[in-house]
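Engineer: What follows is my_file.tsv, made up of TSV, C-alpha atoms and all ligand atoms:
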chain	number	residue	atom	x	y	z
A	1	MET	CA	-39.40	-11.13	-14.27
A	2	ALA	CA	-41.46	-14.27	-13.54
A	3	ASP	CA	-42.47	-14.79	-9.95
A	4	MET	CA	-40.51	-17.85	-8.88
A	5	SER	CA	-41.15	-17.38	-5.19
A	6	MET	CA	-43.98	-19.90	-5.14
A	7	ILE	CA	-41.77	-22.76	-6.27
A	8	SER	CA	-40.92	-24.94	-3.29
A	9	LYS	CA	-37.41	-26.15	-2.53
A	10	ARG	CA	-38.87	-29.66	-2.75
A	11	SER	CA	-39.86	-28.99	-6.36
A	12	PRO	CA	-39.01	-31.92	-8.63
A	13	ARG	CA	-37.09	-29.48	-10.83
A	14	THR	CA	-33.46	-30.35	-11.11
A	15	GLY	CA	-30.24	-28.72	-12.26
A	16	ARG	CA	-30.20	-25.03	-13.12
A	17	GLY	CA	-33.97	-24.62	-12.81
A	18	ALA	CA	-33.93	-25.92	-9.24
A	19	ALA	CA	-31.00	-23.70	-8.33
A	20	VAL	CA	-32.78	-20.63	-9.70
A	21	ALA	CA	-35.98	-21.55	-7.86
A	22	ALA	CA	-34.10	-22.05	-4.59
A	23	ARG	CA	-32.37	-18.72	-5.04
A	24	HIS	CA	-35.65	-16.93	-5.58
A	25	GLU	CA	-37.15	-18.52	-2.50
A	26	GLU	CA	-34.12	-17.41	-0.54
A	27	GLU	CA	-33.82	-13.90	-1.97
A	28	GLY	CA	-37.33	-12.99	-3.02
A	29	THR	CA	-37.93	-11.82	-6.56
A	30	ASP	CA	-35.66	-9.15	-7.95
A	31	ASP	CA	-38.56	-6.84	-8.75
A	32	GLU	CA	-40.15	-7.09	-5.29
A	33	TRP	CA	-38.87	-3.54	-4.66
A	34	LEU	CA	-41.22	-2.13	-7.31
A	35	MET	CA	-44.10	-2.23	-4.85
A	36	TYR	CA	-42.29	0.55	-2.96
A	37	LEU	CA	-43.06	2.86	-5.88
A	38	GLU	CA	-46.81	2.56	-5.34
A	39	PRO	CA	-48.51	5.81	-4.26
A	40	ALA	CA	-49.41	4.53	-0.76
A	41	LYS	CA	-45.76	3.85	0.01
A	42	LEU	CA	-44.48	7.10	-1.52
A	43	GLU	CA	-47.04	9.26	0.28
A	44	VAL	CA	-45.24	8.34	3.51
A	45	PHE	CA	-42.49	10.75	2.49
A	46	ASP	CA	-44.89	13.63	1.90
A	47	HIS	CA	-46.28	13.12	5.39
A	48	LEU	CA	-42.76	12.91	6.80
A	49	GLU	CA	-41.60	16.21	5.31
A	50	PRO	CA	-42.31	18.35	8.42
A	51	TRP	CA	-40.61	15.65	10.49
A	52	ALA	CA	-37.56	15.79	8.18
A	53	GLU	CA	-37.54	19.59	8.48
A	54	ALA	CA	-37.34	19.29	12.29
A	55	ASN	CA	-35.14	16.19	12.62
A	56	VAL	CA	-32.96	15.83	9.54
A	57	VAL	CA	-32.24	19.27	8.03
A	58	PRO	CA	-30.84	20.63	11.36
A	59	LEU	CA	-28.09	18.00	11.15
A	60	LEU	CA	-26.49	19.98	8.33
A	61	LYS	CA	-23.76	22.46	9.19
A	62	PRO	CA	-24.09	25.81	7.39
A	63	ALA	CA	-21.10	27.03	5.37
A	64	GLU	CA	-20.48	29.80	7.94
A	65	VAL	CA	-19.59	27.30	10.67
A	66	ALA	CA	-18.45	24.22	8.74
A	67	TRP	CA	-14.74	23.53	8.27
A	68	GLN	CA	-13.38	24.22	4.82
A	69	PRO	CA	-10.36	22.60	3.12
A	70	THR	CA	-8.37	25.83	3.52
A	71	ASP	CA	-8.63	25.49	7.33
A	72	LEU	CA	-6.70	22.22	7.11
A	73	LEU	CA	-4.10	23.04	4.44
A	74	PRO	CA	-1.34	25.61	3.89
A	75	ASP	CA	-2.80	28.89	2.60
A	76	LEU	CA	-0.51	31.09	0.53
A	77	ALA	CA	-2.61	34.23	1.03
A	78	SER	CA	-2.41	34.11	4.81
A	79	LEU	CA	1.05	32.54	5.31
A	80	GLY	CA	3.01	34.52	2.72
A	81	ALA	CA	5.46	32.85	0.34
A	82	ASP	CA	8.01	31.69	2.93
A	83	GLY	CA	5.44	30.42	5.41
A	84	PHE	CA	3.56	28.64	2.62
A	85	HIS	CA	6.67	26.89	1.33
A	86	ALA	CA	7.65	25.84	4.83
A	87	ALA	CA	4.16	24.45	5.48
A	88	CYS	CA	4.15	22.59	2.14
A	89	PHE	CA	7.58	21.17	2.93
A	90	ASP	CA	6.26	20.01	6.29
A	91	ILE	CA	3.34	18.19	4.59
A	92	SER	CA	5.59	16.33	2.18
A	93	ALA	CA	8.18	15.56	4.90
A	94	ARG	CA	5.55	13.95	7.12
A	95	ALA	CA	3.88	12.18	4.19
A	96	ALA	CA	7.27	10.61	3.37
A	97	GLY	CA	6.81	8.43	6.46
A	98	LEU	CA	3.49	6.92	5.36
A	99	PRO	CA	3.61	3.25	4.31
A	100	ASP	CA	2.59	2.53	0.70
A	101	ALA	CA	-0.45	0.53	1.88
A	102	HIS	CA	-1.70	3.54	3.82
A	103	LEU	CA	-1.32	5.73	0.75
A	104	VAL	CA	-3.26	3.27	-1.38
A	105	CYS	CA	-6.12	3.30	1.15
A	106	LEU	CA	-6.04	7.07	1.22
A	107	VAL	CA	-6.10	7.39	-2.56
A	108	GLY	CA	-8.95	4.85	-2.75
A	109	ASN	CA	-10.93	6.87	-0.21
A	110	MET	CA	-10.17	10.09	-2.05
A	111	VAL	CA	-11.17	8.68	-5.44
A	112	THR	CA	-14.39	7.42	-3.85
A	113	GLU	CA	-15.17	10.87	-2.43
A	114	GLU	CA	-14.29	12.63	-5.69
A	115	ALA	CA	-17.01	10.72	-7.54
A	116	LEU	CA	-19.53	12.94	-5.72
A	117	PRO	CA	-21.55	13.81	-8.84
A	118	THR	CA	-22.61	10.15	-8.87
A	119	TYR	CA	-23.62	10.26	-5.20
A	120	GLN	CA	-25.61	13.46	-5.50
A	121	SER	CA	-27.60	11.69	-8.18
A	122	ILE	CA	-28.45	8.80	-5.77
A	123	PRO	CA	-31.11	10.51	-3.64
A	124	ASN	CA	-32.22	12.43	-6.70
A	125	ARG	CA	-33.29	9.07	-8.08
A	126	PHE	CA	-35.42	8.26	-5.02
A	127	GLU	CA	-39.09	8.79	-5.82
A	128	ALA	CA	-40.96	11.26	-3.56
A	129	VAL	CA	-37.89	12.91	-2.06
A	130	ARG	CA	-35.81	13.94	-5.08
A	131	ASP	CA	-35.09	17.55	-5.92
A	132	LEU	CA	-37.53	18.11	-8.77
A	133	THR	CA	-36.32	21.52	-9.91
A	134	GLY	CA	-32.67	21.69	-8.84
A	135	SER	CA	-33.49	24.34	-6.25
A	136	SER	CA	-36.63	22.91	-4.67
A	137	GLY	CA	-37.49	24.20	-1.20
A	138	THR	CA	-38.70	20.89	0.27
A	139	ALA	CA	-36.90	19.61	3.34
A	140	TRP	CA	-35.81	16.51	1.41
A	141	ALA	CA	-34.35	18.53	-1.48
A	142	ARG	CA	-32.56	20.97	0.83
A	143	TRP	CA	-31.08	18.04	2.74
A	144	ILE	CA	-29.82	16.45	-0.50
A	145	ARG	CA	-28.13	19.67	-1.63
A	146	GLY	CA	-26.74	20.50	1.82
A	147	TRP	CA	-25.39	16.98	2.24
A	148	SER	CA	-23.76	17.12	-1.21
A	149	ALA	CA	-22.18	20.48	-0.37
A	150	GLU	CA	-20.65	18.99	2.78
A	151	GLU	CA	-19.46	15.92	0.88
A	152	ASN	CA	-17.81	18.13	-1.74
A	153	ARG	CA	-15.21	19.26	0.82
A	154	HIS	CA	-14.06	15.66	1.41
A	155	GLY	CA	-12.67	14.91	-2.03
A	156	ASP	CA	-11.45	18.48	-2.28
A	157	VAL	CA	-9.30	18.44	0.87
A	158	LEU	CA	-7.93	14.93	0.27
A	159	ASN	CA	-7.08	15.77	-3.32
A	160	LYS	CA	-5.14	18.88	-2.26
A	161	TYR	CA	-3.36	17.01	0.52
A	162	LEU	CA	-2.28	14.22	-1.85
A	163	PHE	CA	-1.15	16.80	-4.42
A	164	LEU	CA	1.08	18.41	-1.79
A	165	SER	CA	2.32	15.09	-0.39
A	166	GLY	CA	4.44	14.37	-3.47
A	167	ARG	CA	3.88	10.66	-2.93
A	168	VAL	CA	1.34	9.83	-5.63
A	169	ASP	CA	1.07	9.88	-9.41
A	170	MET	CA	-1.61	12.54	-9.55
A	171	ARG	CA	-2.32	12.02	-13.22
A	172	GLN	CA	-3.15	8.36	-12.66
A	173	VAL	CA	-5.30	9.28	-9.66
A	174	GLU	CA	-7.14	11.92	-11.70
A	175	ARG	CA	-7.65	9.44	-14.51
A	176	THR	CA	-9.19	7.00	-12.04
A	177	ILE	CA	-11.61	9.67	-10.81
A	178	HIS	CA	-12.52	10.54	-14.39
A	179	ASN	CA	-13.20	6.87	-15.18
A	180	LEU	CA	-15.19	6.29	-12.00
A	181	ILE	CA	-17.56	9.21	-12.57
A	182	GLN	CA	-17.97	8.06	-16.14
A	183	SER	CA	-18.74	4.47	-15.05
A	184	GLY	CA	-21.21	5.36	-12.28
A	185	MET	CA	-22.02	2.88	-9.56
A	186	VAL	CA	-23.87	-0.34	-8.81
A	187	MET	CA	-26.97	0.01	-6.67
A	188	ASN	CA	-30.01	-2.21	-6.18
A	189	ALA	CA	-33.58	-0.90	-6.12
A	190	ALA	CA	-32.18	2.51	-6.99
A	191	ARG	CA	-35.50	4.39	-7.23
A	192	SER	CA	-37.00	3.22	-3.93
A	193	PRO	CA	-36.45	5.67	-1.06
A	194	TYR	CA	-36.79	2.83	1.49
A	195	HIS	CA	-33.98	0.80	-0.09
A	196	GLY	CA	-31.98	3.87	-1.00
A	197	PHE	CA	-31.92	5.37	2.50
A	198	ILE	CA	-30.89	1.98	3.91
A	199	TYR	CA	-28.02	1.86	1.41
A	200	VAL	CA	-26.84	5.36	2.26
A	201	ALA	CA	-27.12	4.80	6.04
A	202	PHE	CA	-24.86	1.76	5.63
A	203	GLN	CA	-22.44	3.65	3.40
A	204	GLU	CA	-22.12	6.68	5.65
A	205	ARG	CA	-21.18	4.47	8.58
A	206	ALA	CA	-18.72	2.56	6.37
A	207	THR	CA	-17.00	5.78	5.26
A	208	SER	CA	-16.93	7.08	8.82
A	209	ILE	CA	-15.14	3.91	9.94
A	210	SER	CA	-12.74	4.00	7.01
A	211	HIS	CA	-11.77	7.68	7.39
A	212	GLY	CA	-11.62	7.27	11.19
A	213	ASN	CA	-9.16	4.37	10.87
A	214	THR	CA	-7.12	6.32	8.33
A	215	ALA	CA	-6.92	9.24	10.78
A	216	ARG	CA	-5.84	7.02	13.66
A	217	ARG	CA	-3.10	5.36	11.61
A	218	ALA	CA	-1.91	8.68	10.16
A	219	LYS	CA	-1.39	9.91	13.72
A	220	GLU	CA	0.59	6.78	14.58
A	221	TYR	CA	2.78	7.43	11.53
A	222	GLY	CA	3.40	11.00	12.72
A	223	ASP	CA	1.34	12.76	10.03
A	224	VAL	CA	-0.75	15.07	12.20
A	225	ALA	CA	-2.00	17.16	9.27
A	226	LEU	CA	-3.45	14.09	7.59
A	227	ALA	CA	-4.88	12.85	10.89
A	228	ARG	CA	-6.73	16.15	11.28
A	229	ILE	CA	-8.06	16.01	7.73
A	230	CYS	CA	-9.35	12.43	7.96
A	231	GLY	CA	-10.70	13.08	11.46
A	232	ALA	CA	-12.72	16.07	10.20
A	233	ILE	CA	-14.13	13.99	7.34
A	234	ALA	CA	-14.98	11.07	9.65
A	235	ALA	CA	-16.91	13.45	11.93
A	236	ASP	CA	-18.97	14.67	8.95
A	237	GLU	CA	-19.71	11.10	7.88
A	238	LYS	CA	-20.87	10.31	11.41
A	239	ARG	CA	-23.36	13.19	11.26
A	240	HIS	CA	-24.57	12.02	7.86
A	241	GLU	CA	-24.92	8.50	9.21
A	242	LEU	CA	-27.05	9.86	12.03
A	243	ALA	CA	-29.36	11.60	9.54
A	244	TYR	CA	-29.89	8.58	7.31
A	245	THR	CA	-30.17	6.17	10.24
A	246	ARG	CA	-32.80	8.47	11.72
A	247	ILE	CA	-34.81	8.48	8.47
A	248	VAL	CA	-34.77	4.69	8.22
A	249	GLY	CA	-35.56	4.45	11.95
A	250	LYS	CA	-38.68	6.52	11.29
A	251	LEU	CA	-39.67	4.14	8.47
A	252	PHE	CA	-39.26	1.20	10.87
A	253	GLU	CA	-41.54	3.03	13.28
A	254	ILE	CA	-44.37	3.78	10.85
A	255	ASP	CA	-44.03	0.88	8.41
A	256	PRO	CA	-42.04	-1.92	10.08
A	257	ASP	CA	-43.05	-4.54	7.54
A	258	GLY	CA	-42.01	-2.43	4.54
A	259	ALA	CA	-38.79	-1.35	6.23
A	260	VAL	CA	-37.59	-4.79	7.30
A	261	ARG	CA	-38.37	-6.30	3.91
A	262	ALA	CA	-36.41	-3.53	2.21
A	263	LEU	CA	-33.49	-4.13	4.60
A	264	ALA	CA	-33.51	-7.89	3.86
A	265	TYR	CA	-33.69	-7.18	0.13
A	266	MET	CA	-30.59	-5.00	0.30
A	267	MET	CA	-28.61	-7.35	2.56
A	268	ARG	CA	-29.40	-10.43	0.46
A	269	ARG	CA	-27.80	-8.68	-2.47
A	270	ARG	CA	-24.97	-7.24	-0.33
A	271	ILE	CA	-24.14	-3.57	0.01
A	272	VAL	CA	-21.71	-2.95	-2.83
A	273	MET	CA	-19.19	-0.18	-2.23
A	274	PRO	CA	-19.90	2.93	-4.33
A	275	ALA	CA	-16.47	2.91	-6.01
A	276	SER	CA	-16.60	-0.73	-7.11
A	277	LEU	CA	-16.42	0.28	-10.79
A	278	MET	CA	-13.15	2.18	-10.40
A	279	THR	CA	-10.43	1.67	-12.98
A	280	ASP	CA	-7.13	3.37	-13.76
A	281	GLY	CA	-6.95	2.04	-17.30
A	282	ARG	CA	-4.19	-0.41	-16.35
A	283	ASP	CA	-5.28	-2.76	-13.55
A	284	GLY	CA	-8.41	-4.65	-14.57
A	285	ASP	CA	-8.99	-5.58	-10.93
A	286	LEU	CA	-8.19	-2.26	-9.32
A	287	PHE	CA	-11.11	-2.16	-6.88
A	288	ALA	CA	-10.51	-5.73	-5.66
A	289	HIS	CA	-6.83	-4.95	-5.14
A	290	TYR	CA	-7.61	-1.73	-3.28
A	291	ALA	CA	-10.23	-3.50	-1.12
A	292	ALA	CA	-7.72	-6.26	-0.29
A	293	VAL	CA	-5.12	-3.68	0.80
A	294	ALA	CA	-7.77	-1.91	2.94
A	295	GLN	CA	-8.66	-5.27	4.53
A	296	GLN	CA	-5.00	-6.11	5.14
A	297	ALA	CA	-4.20	-2.68	6.57
A	298	GLY	CA	-7.27	-2.78	8.83
A	299	ILE	CA	-8.77	0.37	7.27
A	300	TYR	CA	-12.02	-1.28	6.18
A	301	THR	CA	-12.54	-5.01	6.71
A	302	ALA	CA	-15.11	-7.81	6.44
A	303	SER	CA	-15.69	-7.53	10.19
A	304	ASP	CA	-16.47	-3.83	9.74
A	305	TYR	CA	-19.20	-4.87	7.27
A	306	ARG	CA	-20.64	-7.23	9.87
A	307	SER	CA	-20.34	-4.74	12.71
A	308	ILE	CA	-22.17	-2.07	10.66
A	309	LEU	CA	-25.03	-4.51	10.13
A	310	GLU	CA	-25.09	-5.41	13.84
A	311	HIS	CA	-25.17	-1.73	14.73
A	312	LEU	CA	-28.04	-0.97	12.33
A	313	ILE	CA	-30.05	-3.98	13.53
A	314	LYS	CA	-29.78	-2.55	17.05
A	315	GLN	CA	-30.50	1.03	16.00
A	316	TRP	CA	-33.63	0.04	14.14
A	317	GLY	CA	-34.81	-2.47	16.76
A	318	VAL	CA	-35.07	-5.21	14.14
A	319	GLU	CA	-34.86	-8.05	16.68
A	320	GLU	CA	-37.67	-6.52	18.70
A	321	LEU	CA	-40.12	-6.31	15.80
A	322	ALA	CA	-43.24	-8.14	16.96
A	323	ALA	CA	-44.55	-10.92	14.73
A	324	ALA	CA	-48.03	-9.36	14.93
A	325	GLU	CA	-46.90	-6.23	13.08
A	326	LEU	CA	-45.26	-8.19	10.26
A	327	SER	CA	-46.51	-10.16	7.27
A	328	ASP	CA	-45.15	-13.66	6.57
A	329	ASP	CA	-42.58	-12.10	4.23
A	330	GLY	CA	-41.79	-9.51	6.89
A	331	ARG	CA	-41.17	-12.20	9.52
A	332	ARG	CA	-38.91	-14.10	7.12
A	333	ALA	CA	-37.06	-10.87	6.35
A	334	ARG	CA	-36.59	-10.09	10.07
A	335	ASP	CA	-35.29	-13.59	10.81
A	336	TYR	CA	-32.95	-13.51	7.82
A	337	VAL	CA	-31.46	-10.13	8.78
A	338	CYS	CA	-31.06	-11.04	12.46
A	339	ALA	CA	-29.27	-14.31	11.64
A	340	LEU	CA	-26.95	-12.72	9.07
A	341	PRO	CA	-24.26	-11.27	11.38
A	342	GLN	CA	-23.74	-14.70	12.95
A	343	LYS	CA	-23.43	-16.25	9.48
A	344	ILE	CA	-20.82	-13.66	8.49
A	345	ARG	CA	-18.99	-14.23	11.78
A	346	ARG	CA	-18.79	-17.97	11.07
A	347	LEU	CA	-17.33	-17.26	7.62
A	348	GLU	CA	-14.77	-14.94	9.20
A	349	GLU	CA	-13.81	-17.61	11.74
A	350	LYS	CA	-13.47	-20.26	9.03
A	351	ALA	CA	-11.25	-17.95	6.95
A	352	HIS	CA	-9.21	-17.22	10.07
A	353	GLU	CA	-8.83	-20.93	10.88
A	354	ARG	CA	-7.77	-21.67	7.30
A	355	SER	CA	-5.11	-18.98	7.36
A	356	GLY	CA	-3.94	-20.19	10.79
A	357	GLN	CA	-3.53	-23.77	9.60
A	358	LYS	CA	-1.61	-22.94	6.47
A	359	ALA	CA	0.53	-19.91	5.77
A	360	GLN	CA	-1.09	-17.98	2.92
A	361	PRO	CA	1.18	-17.34	-0.06
A	362	ALA	CA	2.21	-13.69	-0.10
A	363	THR	CA	0.45	-11.77	-2.86
A	364	SER	CA	0.84	-8.20	-4.00
A	365	ALA	CA	-0.34	-5.92	-6.79
A	366	PRO	CA	1.30	-2.86	-8.30
A	367	PHE	CA	-0.69	0.39	-8.05
A	368	SER	CA	-0.28	3.00	-10.76
A	369	TRP	CA	-1.40	5.57	-8.13
A	370	ILE	CA	1.99	5.16	-6.43
A	371	PHE	CA	4.14	4.80	-9.55
A	372	ASP	CA	3.50	1.05	-9.99
A	373	LYS	CA	5.00	0.07	-6.67
A	374	PRO	CA	3.65	-3.34	-5.52
A	375	VAL	CA	1.66	-3.41	-2.30
A	376	ASN	CA	1.09	-6.52	-0.22
A	377	ASN	CA	-2.52	-7.69	-0.12
A	378	THR	CA	-2.12	-11.21	1.28
A	379	MET	CA	-5.40	-12.35	2.75
A	380	GLY	CA	-5.40	-13.88	6.17
B	401	FE	FE	-17.67	11.79	2.29
B	402	FE	FE	-21.00	11.27	4.00
What is this structure when it is put down as C-alpha cells?
Structural biologist:
Amino acid sequence: MADMSMISKRSPRTGRGAAVAARHEEEGTDDEWLMYLEPAKLEVFDHLEPWAEANVVPLLKPAEVAWQPTDLLPDLASLGADGFHAACFDISARAAGLPDAHLVCLVGNMVTEEALPTYQSIPNRFEAVRDLTGSSGTAWARWIRGWSAEENRHGDVLNKYLFLSGRVDMRQVERTIHNLIQSGMVMNAARSPYHGFIYVAFQERATSISHGNTARRAKEYGDVALARICGAIAADEKRHELAYTRIVGKLFEIDPDGAVRALAYMMRRRIVMPASLMTDGRDGDLFAHYAAVAQQAGIYTASDYRSILEHLIKQWGVEELAAAELSDDGRRARDYVCALPQKIRRLEEKAHERSGQKAQPATSAPFSWIFDKPVNNTMG
C-alpha cells in the first residue's frame, strides 16, 4: 500500500483523495505493523522466554487443581439415576426464571467460547512465539497450549448447562457455532506479537467483565448453578488477562515506542469482538442484534469498552511515557491513546442526551437460539 502519511491535511487534494489522505494521517498506514516482523523486533521474544517461563507460565492452573465442567454440573456416575434426574430438574426449574435477554447473552457468550479452535490459532499466528511443532517445549508454546486447555472448559460447561436448561434451540445454537468456526474472525496485524498480545489482553478483560456480569445477574434471578459456572469462567479470564497484560507491560518496559505505536494502531481500528462473524443461517445481522441485547442488558456495554481501555492505559503507564523515550510517531500514538477514553465518553454522553430528549422507538429482534422469540434491543 502506498505511503500516504506524508500528505498534509492542508493538501490541495479534494474529495475522496483528501479524505483518504486525512485518514492515513490520522491512522497511520495500514501496513505500518509489518515493521514488527523485522528480526530486531522479533528477537525481543527470544530474550523474553526465560522471563515468560518465570512470570507467565506459572499463571496456568494444572489439570489436577483446575475446576472441570463435571464439578459444576450434575454427574450421573456419582449421583445415581434418581439424584441425577433431581439435579437436572433443578437446573431446568431455575433456568425457567431467566429472562430471554439473559439467555441470549449467555448463548452469545457460549458460542463465542465454543469457537476456541479459532482462538488457539491466534497466538499460533504470532511470529516468534508460535508453537512450531504442535508440542514445542518453549515457554510461549506451553503457555498457548495450557491457555487453550483452560479455555476449552468454558464452552464445554456452558454448552452442557444450556443443554440441560431446556430453554434454547440447541440445534440452532450448534449451527451458529459450526458457522462461526468456519467463518473465523477479524483481527488486525494478525502476525505481529506486539499487536496480537494487546488484542488478547483487551479481549480477556472483556470476557471477564461479560461472564462476571452474567454471573451476578444469574444470582439475582435465583440461578445459583449458572452463577457458579459463569463466576468460575470469569475468574479464569481474569487470570488470563493478568498474563497477557503482564506480557504487554514487559513490552512497554523494554520497547515503549514500539508498544505504544502498536496500541494506537489497534485502537484506531477498534478491537473487534472475536465472534463478530457469527451467523445462524437466518438472521443476517445476528452479531449486531446480540451485541445490542448485551448492551441493553448491561452484560457488555460501550462504557465497558472505554473502561477496559482506561484500565490498560493505567496498567501500562501510557500517560507516564516520557517524550524522550518516544519517536515523533510514538508521541503521537501516546497522545492519541490517552485522549481516546475522553472522546468515547463524550460520544456516550451525547447518545445519552439524545435518548433523554426523545424516547427511542422500541426495537426488537427474534433469536432462533430461543425459538424465534423477539428480544428487546432498544438503544438508549
Ligand atoms: Fe474463555
Ligand atoms: Fe480467556
Engineer: Contacts of Ile144 in chain A at 10 Å or less, counting all atoms listed in the file, minus same-chain residues fewer than 4 places along, as an mmCIF file with C-alpha atoms, keeping the file's coordinate frame?
Structural biologist:
data_model
loop_
_atom_site.group_PDB
_atom_site.id
_atom_site.type_symbol
_atom_site.label_atom_id
_atom_site.label_comp_id
_atom_site.auth_asym_id
_atom_site.auth_seq_id
_atom_site.Cartn_x
_atom_site.Cartn_y
_atom_site.Cartn_z
ATOM 1 C CA VAL A 57 -32.240 19.270 8.030
ATOM 2 C CA TYR A 119 -23.620 10.260 -5.200
ATOM 3 C CA GLN A 120 -25.610 13.460 -5.500
ATOM 4 C CA SER A 121 -27.600 11.690 -8.180
ATOM 5 C CA ILE A 122 -28.450 8.800 -5.770
ATOM 6 C CA PRO A 123 -31.110 10.510 -3.640
ATOM 7 C CA ASN A 124 -32.220 12.430 -6.700
ATOM 8 C CA VAL A 129 -37.890 12.910 -2.060
ATOM 9 C CA ARG A 130 -35.810 13.940 -5.080
ATOM 10 C CA ASP A 131 -35.090 17.550 -5.920
ATOM 11 C CA THR A 138 -38.700 20.890 0.270
ATOM 12 C CA ALA A 139 -36.900 19.610 3.340
ATOM 13 C CA TRP A 140 -35.810 16.510 1.410
ATOM 14 C CA SER A 148 -23.760 17.120 -1.210
ATOM 15 C CA ALA A 149 -22.180 20.480 -0.370
#
Engineer: Please identify all protein, DNA and RNA residues within 12 Å of ligand FE 401 (chain B), counting all atoms listed in the file, and report them as a ChimeraX atom specification.
Structural biologist: /A:109-117,119-120,147-158,200,203-212,229-241,274
Engineer: Write out, as a PDB file, in the coordinates of the input, the residues just selected, with C-alpha atoms.
Structural biologist:
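Result went into again-v3.pdb, see below:
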ATOM      1  CA  ASN A 109     -10.930   6.870  -0.210  1.00  0.00           C
ATOM      2  CA  MET A 110     -10.170  10.090  -2.050  1.00  0.00           C
ATOM      3  CA  VAL A 111     -11.170   8.680  -5.440  1.00  0.00           C
ATOM      4  CA  THR A 112     -14.390   7.420  -3.850  1.00  0.00           C
ATOM      5  CA  GLU A 113     -15.170  10.870  -2.430  1.00  0.00           C
ATOM      6  CA  GLU A 114     -14.290  12.630  -5.690  1.00  0.00           C
ATOM      7  CA  ALA A 115     -17.010  10.720  -7.540  1.00  0.00           C
ATOM      8  CA  LEU A 116     -19.530  12.940  -5.720  1.00  0.00           C
ATOM      9  CA  PRO A 117     -21.550  13.810  -8.840  1.00  0.00           C
ATOM     10  CA  TYR A 119     -23.620  10.260  -5.200  1.00  0.00           C
ATOM     11  CA  GLN A 120     -25.610  13.460  -5.500  1.00  0.00           C
ATOM     12  CA  TRP A 147     -25.390  16.980   2.240  1.00  0.00           C
ATOM     13  CA  SER A 148     -23.760  17.120  -1.210  1.00  0.00           C
ATOM     14  CA  ALA A 149     -22.180  20.480  -0.370  1.00  0.00           C
ATOM     15  CA  GLU A 150     -20.650  18.990   2.780  1.00  0.00           C
ATOM     16  CA  GLU A 151     -19.460  15.920   0.880  1.00  0.00           C
ATOM     17  CA  ASN A 152     -17.810  18.130  -1.740  1.00  0.00           C
ATOM     18  CA  ARG A 153     -15.210  19.260   0.820  1.00  0.00           C
ATOM     19  CA  HIS A 154     -14.060  15.660   1.410  1.00  0.00           C
ATOM     20  CA  GLY A 155     -12.670  14.910  -2.030  1.00  0.00           C
ATOM     21  CA  ASP A 156     -11.450  18.480  -2.280  1.00  0.00           C
ATOM     22  CA  VAL A 157      -9.300  18.440   0.870  1.00  0.00           C
ATOM     23  CA  LEU A 158      -7.930  14.930   0.270  1.00  0.00           C
ATOM     24  CA  VAL A 200     -26.840   5.360   2.260  1.00  0.00           C
ATOM     25  CA  GLN A 203     -22.440   3.650   3.400  1.00  0.00           C
ATOM     26  CA  GLU A 204     -22.120   6.680   5.650  1.00  0.00           C
ATOM     27  CA  ARG A 205     -21.180   4.470   8.580  1.00  0.00           C
ATOM     28  CA  ALA A 206     -18.720   2.560   6.370  1.00  0.00           C
ATOM     29  CA  THR A 207     -17.000   5.780   5.260  1.00  0.00           C
ATOM     30  CA  SER A 208     -16.930   7.080   8.820  1.00  0.00           C
ATOM     31  CA  ILE A 209     -15.140   3.910   9.940  1.00  0.00           C
ATOM     32  CA  SER A 210     -12.740   4.000   7.010  1.00  0.00           C
ATOM     33  CA  HIS A 211     -11.770   7.680   7.390  1.00  0.00           C
ATOM     34  CA  GLY A 212     -11.620   7.270  11.190  1.00  0.00           C
ATOM     35  CA  ILE A 229      -8.060  16.010   7.730  1.00  0.00           C
ATOM     36  CA  CYS A 230      -9.350  12.430   7.960  1.00  0.00           C
ATOM     37  CA  GLY A 231     -10.700  13.080  11.460  1.00  0.00           C
ATOM     38  CA  ALA A 232     -12.720  16.070  10.200  1.00  0.00           C
ATOM     39  CA  ILE A 233     -14.130  13.990   7.340  1.00  0.00           C
ATOM     40  CA  ALA A 234     -14.980  11.070   9.650  1.00  0.00           C
ATOM     41  CA  ALA A 235     -16.910  13.450  11.930  1.00  0.00           C
ATOM     42  CA  ASP A 236     -18.970  14.670   8.950  1.00  0.00           C
ATOM     43  CA  GLU A 237     -19.710  11.100   7.880  1.00  0.00           C
ATOM     44  CA  LYS A 238     -20.870  10.310  11.410  1.00  0.00           C
ATOM     45  CA  ARG A 239     -23.360  13.190  11.260  1.00  0.00           C
ATOM     46  CA  HIS A 240     -24.570  12.020   7.860  1.00  0.00           C
ATOM     47  CA  GLU A 241     -24.920   8.500   9.210  1.00  0.00           C
ATOM     48  CA  PRO A 274     -19.900   2.930  -4.330  1.00  0.00           C
TER      49      PRO A 274
END
Engineer: Please determine, counting all atoms listed in the file, which residue among A:Glu348, A:Leu60, A:Glu353, A:Lys219 has the shortest atom-to-atom distance to ligand FE 402 (chain B).
Structural biologist: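 Of the candidates, the smallest distance to ligand FE 402 (chain B) is held by A:Leu60.
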Engineer: What separation in Å, quoted to one decimal, exists between CA of Val260 in chain A and CA of Ala333 in chain A?
Structural biologist: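 Taking CA of Val260 in chain A and CA of Ala333 in chain A, their separation equals 6.2 Å.
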Engineer: Which residue gives the smallest distance to ligand FE 402 (chain B) among A:Pro256, A:Pro62, A:Gly146, A:Gly284, with all atoms listed in the file counted?
Structural biologist: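 Result for the nearest residue to ligand FE 402 (chain B): A:Gly146.
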Engineer: Have a look at CA of Asp335 in chain A and CA of Tyr265 in chain A and let me know their distance in Å, one decimal.
Structural biologist: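 Interatomic distance, CA of Asp335 in chain A to CA of Tyr265 in chain A: 12.6 Å.
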Engineer: Quick one, how far is CA of Val272 in chain A from CA of Asn188 in chain A?
Structural biologist: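 Computed distance, CA of Val272 in chain A to CA of Asn188 in chain A, equals 9.0 Å.
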Engineer: Hey, which of A:Ile198, A:Val107, A:Met273, A:Ala291 ends up closest to Lys250 in chain A? Count all atoms listed in the file.
Structural biologist: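 Smallest separation from Lys250 in chain A among the options: A:Ile198.
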Engineer: If I put a ball of radius 12 Å at (-2.9, 12.5, -9.9) in the file's coordinates, which residues poke into it when counting only C-alpha atoms, written as a PyMOL selection string?
Structural biologist: chain A and resi 107+110-111+158-178+280+368-371
Engineer: When distances are computed from all atoms listed in the file, which of A:Gly330, A:Gly258, A:Gly108, A:Gly356 shows the smallest separation from Ala288 in chain A?
Structural biologist: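 Among the listed residues, the smallest separation from Ala288 in chain A belongs to A:Gly108.
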